[in-house]
Amino acid sequence: MHNGKKVVALCTSELQEQFHVKFLNRIIRELQYSGHYVVVFGVNSILYYMDAGDYGDASIFQLMSYKSIDMVIVFSDTIKNAEVITDIVEGAEKAHIPVMSIGKEMQDCYNVVYNTDSAFEGLVRHVIEYHGMREVNFIAGMKGISESDRRLEIYKTVLEDNQILFEEERVGYGDFWEGPTRMVMEEFMREDRVPPEAIICANDSMAVAVTDFLKERGVQVPEEIIVTGIDGIEEGIQHSPGITTAVRDDVNDAKKIIALVNGIMEGKDVPVTTELEYHIRLSQSCGCQEEQLFDRDRLITELNRALAAYRADLQLYREMSEKFFQSKSDTDFQSLMEKYIPDNAFICINDDLQIMDGKENRHTYHENPYTDVMHTIYKRNGEISYSQCMIENMMPEVIKGESADSAVLLFPLHYVDQVVGFLGILRESLVETDLMRIFHFMINFNCSAALRLSSK
């Protein structure tokens, strides 16, 4: 409990993804409408390779004090490492705290999963059966990934249903991003091959890359080649041509999810697994929509404002980097933290962050990442205060009286796998430009901490 409210912890990665941040904001707002206090444990990386730096990032999930939490929601489709998710779930299970997994079906959890298969099949059938395409290529994601493999099987099934011979050379793996997708397109568009009439992609990022590649080659979309994606990212909506895709209903899905959360915490009979649907959105890249689905002039204005803000921030980032790297003492470093820490934020630092007797105190994901008592610097409305944070409370006492309309976002501070502490931000919502500033502060802090400590 926090100030009489039940605490819901959100564990997530992919905070660099705009479409995920929008959905996360919906979840936070619905939780607050229901009278809950929200704490977000977040990282920017996807925790896929799990090198030393990834373990440093993942340390933020070890901060969770389950005695202070009433329920955990894990965005399991964003955290790509099974060990990290398992550690979260097992920690909550030992404390008898319910866990909801959004994205993947997990044992010992309540699960909310998305049925993308039916929407993807609908897209393939739309291309083949509505538009009458026969020479249809498919760009899958990563080979061996279940989601990608399922979509390949759906593609094959629809071909068979329409008496179209499956051809291995019409399939490529774009790994869900631009670089590999362009390499696949080089193969698809070779002069010795029969060109496709349509290209179906396993996500929108690859569909955008495909349309850009075709435009560079002078190939018209959709007049000469139809392109589709799936997942409904902003880039696909704003692209020219707009990408035909399948999307979530974030507003209603968030309401359904929080209704489940409330039912679980009230002890009601809630299904172990709830399935939500993706919905097909036809657009320009298949020819079913003539005009863009957004206000282009407004988008250009917003992009120009964002670019101007980013240019102004670049000077701040450069100055911040130089000052941090030039700091010569603990006093200098502390002064810089006071100056550059974002407003309405706090930093908690392990209390033994020193080199003692020539030996460094180790704090890692697997080895006590945080000390029992941590030193806290808090900036509120430009004013600095100091206090201590008891790790069992996860947050310093000084923020307990802050606005109930603010969620607390907690991010890891570390150099490689060595945990320094964590950064806390109080925000009513997540804003992309604000998150960018926060991540730049963390990068500068982490790099300069590494430099200072390695030189001692």
# chains A, B, ... in the order shown; residues from 1 in each chain; ligands from 1

call {"tool": "closest_atom_pairs", "arguments": {"of": "segment 230-268 of chain A", "to": "segment 35-38 of chain A", "cutoff": "12 Å", "atoms": "only C-alpha atoms", "output": "Markdown table"}}
result
| residue | atom | partner | partner_atom | distance |
| --- | --- | --- | --- | --- |
| A:Ile258 | CA | A:His36 | CA | 10.4 |
| A:Val261 | CA | A:His36 | CA | 10.4 |
| A:Asn262 | CA | A:His36 | CA | 9.5 |
| A:Met265 | CA | A:His36 | CA | 10.9 |

call {"tool": "write_last_selection", "arguments": {"atoms": "N, CA and C atoms", "output": "short mmCIF file (atom, residue, chain, number, x, y, z; two decimals), in the first residue's frame"}}
result
data_model
loop_
_atom_site.label_atom_id
_atom_site.label_comp_id
_atom_site.auth_asym_id
_atom_site.auth_seq_id
_atom_site.Cartn_x
_atom_site.Cartn_y
_atom_site.Cartn_z
N ILE A 258 -7.59 -3.47 -17.09
CA ILE A 258 -7.70 -2.96 -15.72
C ILE A 258 -8.93 -3.52 -15.03
N VAL A 261 -7.58 -6.62 -13.69
CA VAL A 261 -6.72 -6.32 -12.54
C VAL A 261 -7.56 -6.08 -11.29
N ASN A 262 -8.59 -5.26 -11.43
CA ASN A 262 -9.45 -4.97 -10.27
C ASN A 262 -10.14 -6.24 -9.77
N MET A 265 -7.60 -8.36 -7.75
CA MET A 265 -7.29 -7.82 -6.43
C MET A 265 -8.49 -7.85 -5.49
#

call {"tool": "select_by_dssp", "arguments": {"residues": "segment 184-362 of chain A", "states": "alpha helix (DSSP H)", "output": "ChimeraX atom specification"}}
result
/A:184-188,204-216,234-238,250-265,296-326,330-340

call {"tool": "residues_around", "arguments": {"residues": "segment 230-247 of chain A", "least_positions_apart": "2", "cutoff": "8 Å", "atoms": "only C-alpha atoms", "output": "MDAnalysis selection string"}}
result
chainID A and resid 18:19 119:120 123 201:205 207:208 211 221 227:228 249 278:286 292:294 296

call {"tool": "write_last_selection", "arguments": {"atoms": "C-alpha atoms", "output": "mmCIF file, in the first residue's frame"}}
result
data_model
loop_
_atom_site.group_PDB
_atom_site.id
_atom_site.type_symbol
_atom_site.label_atom_id
_atom_site.label_comp_id
_atom_site.auth_asym_id
_atom_site.auth_seq_id
_atom_site.Cartn_x
_atom_site.Cartn_y
_atom_site.Cartn_z
ATOM 1 C CA GLN A 18 6.372 5.064 -29.388
ATOM 2 C CA PHE A 19 3.430 2.696 -29.873
ATOM 3 C CA ALA A 119 -5.896 -10.663 -38.169
ATOM 4 C CA PHE A 120 -2.778 -11.722 -40.065
ATOM 5 C CA LEU A 123 -4.587 -9.596 -44.270
ATOM 6 C CA CYS A 201 5.401 -8.388 -44.081
ATOM 7 C CA ALA A 202 5.379 -9.779 -40.531
ATOM 8 C CA ASN A 203 5.438 -6.277 -39.030
ATOM 9 C CA ASP A 204 5.021 -2.640 -40.034
ATOM 10 C CA SER A 205 8.697 -1.682 -39.687
ATOM 11 C CA ALA A 207 6.564 -2.959 -44.540
ATOM 12 C CA VAL A 208 7.827 0.638 -44.325
ATOM 13 C CA THR A 211 7.797 0.563 -49.613
ATOM 14 C CA VAL A 221 2.941 1.050 -54.343
ATOM 15 C CA VAL A 227 2.477 -4.120 -49.429
ATOM 16 C CA THR A 228 1.018 -4.994 -46.019
ATOM 17 C CA ASP A 249 -7.655 -1.082 -29.786
ATOM 18 C CA TYR A 278 -6.087 -7.174 -33.477
ATOM 19 C CA HIS A 279 -8.239 -5.410 -36.074
ATOM 20 C CA ILE A 280 -7.448 -4.952 -39.772
ATOM 21 C CA ARG A 281 -6.912 -1.349 -40.867
ATOM 22 C CA LEU A 282 -6.907 -0.890 -44.626
ATOM 23 C CA SER A 283 -4.823 1.947 -45.996
ATOM 24 C CA GLN A 284 -2.997 3.177 -49.090
ATOM 25 C CA SER A 285 -0.369 0.447 -49.484
ATOM 26 C CA CYS A 286 -2.992 -2.056 -50.703
ATOM 27 C CA GLN A 292 -3.790 9.573 -45.676
ATOM 28 C CA LEU A 293 -5.515 8.765 -42.379
ATOM 29 C CA PHE A 294 -3.852 11.663 -40.536
ATOM 30 C CA ARG A 296 -0.029 15.770 -42.649
#

call {"tool": "select_by_dssp", "arguments": {"residues": "segment 238-434 of chain A", "states": "strand (DSSP E)", "output": "VMD selection string"}}
result
chain A and resid 245 to 247 273 to 277 279 to 281 345 to 350 355 to 356 359 to 360 373 to 380 383 to 390 407 to 415 418 to 427

call {"tool": "closest_residue", "arguments": {"among": "A:Val43, A:Glu275, A:Gly382, A:Gly172", "to": "Gln16 of chain A", "atoms": "only C-alpha atoms"}}
result
A:Val43

call {"tool": "residues_around", "arguments": {"residues": "segment 336-353 of chain A", "least_positions_apart": "6", "cutoff": "9 Å", "atoms": "only C-alpha atoms", "output": "NGL selection string"}}
result
:A and (320 or 323-324 or 327 or 360-361 or 363 or 369-384 or 388-389 or 395-396 or 413 or 419-427 or 437-438 or 441 or 445 or 453)

call {"tool": "closest_residue", "arguments": {"among": "A:Glu90, A:Glu397, A:Glu105, A:Glu216", "to": "Thr274 of chain A", "atoms": "only C-alpha atoms"}}
result
A:Glu105

call {"tool": "atom_distance", "arguments": {"atom1": "atom CA of Ala209 of chain A", "atom2": "atom CA of Met183 of chain A"}}
result
10.5 Å

call {"tool": "closest_residue", "arguments": {"among": "A:Ile88, A:Val416, A:Phe411, A:Phe213", "to": "Leu15 of chain A", "atoms": "only C-alpha atoms"}}
result
A:Phe411

call {"tool": "closest_residue", "arguments": {"among": "A:Ile443, A:Ala9, A:Ile79, A:Leu214", "to": "Gly103 of chain A", "atoms": "only C-alpha atoms"}}
result
A:Ile79
